[in-house]
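Encoded as structure tokens, the structure appears first; notes follow it.
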Protein chains: 2
Amino acid sequence: MNQRSLYPGENMGGALETKVLTTYSNVYEIEKWLLRKMLGQLGKPLIRAVLWSGEEVSSSDADPTARIIIRDRKAFFKLLINPDLNFGDAYSAGDIDVEGNLVEFLETVYRALSKTPQDGGFYGYMQKTFNRPRPNSMAGSLDNIHHHYDIGNDFYKLWLDGEMQYTCAYFPTSAATLEEAQIAKMDHICRKLHLKPGETVVEAGCGWGSLALHMARHYGVNVRAFNISRQQVIYARAVAEAAGLSDRVEYVEDDYRNIAGRFDAFVSVGMLEHVGINNYEELGKVIQRSLKEDGRGLIHTIGRNKAELMNAWIEKRIFPGAYPPTLGEMIDIFEPAGFSIIDVENLRLHYAKTLEHWLERFETADKQITEMFDQQFVRAWRLYLAGSLASFSTGWLQLFQVVFAQPDKNNLPWTRAHLYNPSQPPL
Amino acid sequence: MNQRSLYPGENMGGALETKVLTTYSNVYEIEKWLLRKMLGQLGKPLIRAVLWSGEEVSSSDADPTARIIIRDRKAFFKLLINPDLNFGDAYSAGDIDVEGNLVEFLETVYRALSKTPQDGGFYGYMQKTFNRPRPNSMAGSLDNIHHHYDIGNDFYKLWLDGEMQYTCAYFPTSAATLEEAQIAKMDHICRKLHLKPGETVVEAGCGWGSLALHMARHYGVNVRAFNISRQQVIYARAVAEAAGLSDRVEYVEDDYRNIAGRFDAFVSVGMLEHVGINNYEELGKVIQRSLKEDGRGLIHTIGRNKAELMNAWIEKRIFPGAYPPTLGEMIDIFEPAGFSIIDVENLRLHYAKTLEHWLERFETADKQITEMFDQQFVRAWRLYLAGSLASFSTGWLQLFQVVFAQPDKNNLPWTRAHLYNPSQPPL
């Protein structure tokens, strides 16, 4: 039991540790050499690796941000072969642990990686070969969405805001609460769309329905909101019913490709990540045929500065089929369809802040979530939330809000001042 | 002289009209048929064409917005072969005239064109074959820039604002004066860059130097401003000297590709149109090597919704080498260099408003400009200003302001509220 002191991370249960310590205790020089190579490949982050024997390896003499504990030889070799995918699996299983602040550890790794070219070499090859987002055909989309969003509303209720918004909030000041920031996000979007009472809005991918409800309640519009997650649609309908807004908000359990009719505004918050770049031009056509001559739209999505595949583990275990596009890739939605891009805002740091709140609430609900699922699930989601936070805070991920309009629409807000001064009408 | 009543446009002098009326007076059916075909190709705009015989052809029975007067058969055939290029030449020469409001006439044509596919057919072929922007090698850029900007500061003084800004202004309200709007534009840019006293700024393509001066005077920064137009640099240096700011603003007569040193901010207003898309990746490298770790930048440029060549006449006669890019094409500046795009604002309607002011002042200075140059020059510039106005008002051209930053820069303004509330600090 005195071996425990070597692994001051989480208590993964005695059985696992016993196995680790009895089966693998000998570390060869070749393994330490490989570990040093791997740290070099990662851009020599200021971290220290502790091997199953208790021996330590680091790529720098400076004080490390955190220590990564590799509990057995099998986890070590899996990490070596495909760190993108296997770090997450091994961390979830408890075969790898992180001592110190998980977010800071991940930030350190991402910052080091961002200063190291990743296009070539062995890892580049492995990534290109094994790390492809799953296709988002209609059936594929359904599978992919069920995987993530239908794991239970009760789970999400434990750490999202009261309105169940699972997308980047907008913090008017960094001191705003998560609840305030999620409401501010909806208002920010409604103002960007300069909605007028009596107008019609179509929403593609409506989550648990809060934005559609907010638009109807506070901006006097009628909304038709699409979603292929059954659990979310059922939840959204119940909330709209209770709010007495069912006559003005219709939740449709269907794919965005089946949107019919013409609307004054199109809005999509956090769906594009699941669309797949091969479908962007088709999405543009769907939006074009759905918008009136005077129409405008807004797409809110996670994005990137440079095209890169989604982290293999997130794509495989958390978000199948997900792909955050660059602004350049998003252009395929707008240019072929002839839209005019009016406004792009990058809210990356707002997503880092949102994730700080989610992670804090998640940790508070730790016990309840473990009871609902198991320890492995909790560790996987902790890594996913911490990794996302680190991705936004280090600039690996972006959050784009893109406002667009029909090309000859001239009754646009004259400036963006109305977004920051609610008493000022947009036109 | 009673024939004059047929051509109530501008008085082009008796000699020309006599020539027109004596040399060509017979119009054949084939020519009217060709004219109808041409109007069809243009998307059947609500205009009427008056031929040299006085006969009229129109593509619709509805009341026309304007009448185009074609004064001879030669102008007619040139128009038929390459309308993009030859309309401008014939209008400048007075062989074609427009009766009615020139801007409204051009808006009518552009709106009709925008609803008609232009990729194929005879005109598509002609455009693709003959209409290529001139290359912007360093020597080429020098020639191209001299062509436009070195035709005389006195000419530009007659119709630009007091600070000689030859780029889109920013109208906080549409009622602002041109002078107010040009100052507001400079403040808008400085706020977007959240400049702090003592910082250094490099400017690529500084025009007559007003932005560099404004930044130094009101934001306390030191500016190194590049321009290859000798006349503009001489003018800018004299103004800085008179303002006692020569120690903080340096105007360099050199190409942006020769920028050396590292700065806190990069700014370029109205230069990208002259860079050429093949040079965008190199421009990105220049900016990347010129910005400190904490650096940010802003590019202000005319743009498009879809990739298209510049109007042949503007490219040949007014702005050699000019090409307004789409946002998708601009991505080549930012993505390969690893920048993060923070904010994009489309100010298309502000350029239409700016051009309204310029055109009005230009018309007021009509006589003086005719004395400086000649009637043909005045007509060419009138068409250029009116055509640009119509391009922005109908959505054929866009105006993008793109703010970008080093990818891991986290001390960005938290929201954009500070742009609209000057008393609020950006950070």
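Every chain in the structure tokens takes a letter, A first, then B, and so on in the order presented; its residues are numbered from 1, and the ligands are numbered from 1 following the presented order.
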
Give me, as a PyMOL selection string, the residues of stretch 227-383 of chain A that a backbone DSSP run labels strand (DSSP E or B). chain A and resi 227+249-253+263-269+291-304+326+340-346

Can you pull out every residue from stretch 135-204 of chain A that DSSP, working from the backbone, puts in alpha helix (DSSP H), and format the result as a VMD selection string? chain A and resid 138 to 149 153 to 157 178 to 192

Identify all chain B residues at most 6 Å from chain A by counting only C-alpha atoms; ligands do not count. Present them as a PyMOL selection string. chain B and resi 305-306+328+331+335+340+342-346+394-395+407-408+417+420

Would you export the selected residues with N, CA and C atoms as a compact mmCIF listing (two decimals), in the first residue's frame, please?
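Once written, part.txt looks like this:
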# COMPACT_ATOMS: atom_id res chain seq x y z
N ASN B 305 -18.95 38.44 -52.66
CA ASN B 305 -19.59 37.23 -52.14
C ASN B 305 -19.14 35.99 -52.90
N LYS B 306 -18.91 36.15 -54.19
CA LYS B 306 -18.46 35.04 -55.04
C LYS B 306 -17.25 35.52 -55.83
N GLY B 328 -13.52 33.85 -48.60
CA GLY B 328 -12.88 32.55 -48.78
C GLY B 328 -11.48 32.68 -49.36
N ILE B 331 -8.88 33.93 -46.88
CA ILE B 331 -8.45 32.94 -45.88
C ILE B 331 -6.99 32.53 -46.10
N GLU B 335 -5.05 31.48 -42.69
CA GLU B 335 -4.92 30.08 -42.26
C GLU B 335 -3.50 29.54 -42.36
N SER B 340 -5.64 33.66 -35.95
CA SER B 340 -7.00 33.42 -35.51
C SER B 340 -7.85 34.61 -35.97
N ILE B 342 -10.77 36.99 -35.58
CA ILE B 342 -11.47 37.42 -34.36
C ILE B 342 -12.81 38.07 -34.70
N ASP B 343 -12.83 38.84 -35.79
CA ASP B 343 -14.00 39.69 -36.06
C ASP B 343 -14.00 40.03 -37.55
N VAL B 344 -15.13 39.83 -38.19
CA VAL B 344 -15.30 40.28 -39.57
C VAL B 344 -16.54 41.16 -39.62
N GLU B 345 -16.42 42.33 -40.19
CA GLU B 345 -17.58 43.22 -40.33
C GLU B 345 -17.70 43.62 -41.80
N ASN B 346 -18.90 43.47 -42.33
CA ASN B 346 -19.15 43.85 -43.72
C ASN B 346 -19.77 45.24 -43.74
N THR B 394 -26.02 47.41 -54.60
CA THR B 394 -26.75 46.21 -55.06
C THR B 394 -26.10 44.92 -54.56
N GLY B 395 -25.02 45.03 -53.82
CA GLY B 395 -24.40 43.83 -53.27
C GLY B 395 -23.44 43.12 -54.21
N PRO B 407 -2.61 33.11 -32.60
CA PRO B 407 -3.62 32.13 -32.19
C PRO B 407 -3.75 31.94 -30.68
N ASP B 408 -2.67 32.17 -29.93
CA ASP B 408 -2.77 31.92 -28.49
C ASP B 408 -2.88 33.21 -27.68
N ALA B 417 -18.21 45.40 -27.14
CA ALA B 417 -18.97 46.55 -26.63
C ALA B 417 -18.13 47.82 -26.63
N TYR B 420 -18.42 50.44 -29.31
CA TYR B 420 -19.63 51.26 -29.40
C TYR B 420 -19.82 52.13 -28.17

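Each of B:Gly40, B:Ile96, B:His274, B:Asn153 was checked against B:Lys115 using only C-alpha atoms; the smallest atom-to-atom distance is that of B:Gly40.
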
Find the residues around stretch 100-105 of chain B up to 12 Å (only C-alpha atoms counted), leave out those fewer than 4 positions away in its own chain, and share them as a VMD selection string. chain B and resid 7 to 10 45 to 49 64 to 69 91 109 to 112 352 355 to 356 359 to 360 379 382 to 394

Pick from A:Glu199, A:Glu308, A:Asp161, A:Glu315 nearest to A:Trp358, counting only C-alpha atoms: A:Asp161

Contacts between stretch 294-301 of chain A and stretch 145-224 of chain A, please, where a residue of stretch 145-224 of chain A counts if it comes within 12 Å (with only C-alpha atoms); show its shortest atom pair and distance in Å to one decimal, rows by chain and ascending number, as a tab-separated table.
residue	atom	partner	partner_atom	distance
A:Tyr166	CA	A:Thr301	CA	11.9
A:Thr167	CA	A:Thr301	CA	8.7
A:Cys168	CA	A:Thr301	CA	8.8
A:Ala169	CA	A:His300	CA	10.9
A:Tyr170	CA	A:His300	CA	11.6
A:Lys185	CA	A:His300	CA	10.5
A:Met186	CA	A:His300	CA	11.1
A:His188	CA	A:Leu298	CA	10.9
A:Ile189	CA	A:Leu298	CA	7.5
A:Cys190	CA	A:Leu298	CA	9.3
A:Arg191	CA	A:Leu298	CA	10.7
A:Lys192	CA	A:Leu298	CA	7.8
A:Leu193	CA	A:Gly297	CA	6.6
A:His194	CA	A:Arg296	CA	9.1
A:Leu195	CA	A:Arg296	CA	9.7
A:Lys196	CA	A:Gly295	CA	12.0
A:Glu199	CA	A:Gly295	CA	10.3
A:Thr200	CA	A:Gly295	CA	10.0
A:Val201	CA	A:Gly297	CA	9.2
A:Val202	CA	A:Gly297	CA	9.4
A:Glu203	CA	A:Leu298	CA	9.7
A:Ala204	CA	A:Ile299	CA	9.4
A:Gly205	CA	A:Ile299	CA	10.7
A:Cys206	CA	A:His300	CA	11.8

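Note that the spacing between atom CA of A:Lys32 and atom CA of A:Asp61 amounts to 15.7 Å.
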
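From atom CA of B:Asn222 back to atom CA of B:Ile333, the distance works out to 24.8 Å.
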
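Coordinates place atom CA of A:Ile228 at a distance of 18.0 Å from atom CA of A:Tyr280.
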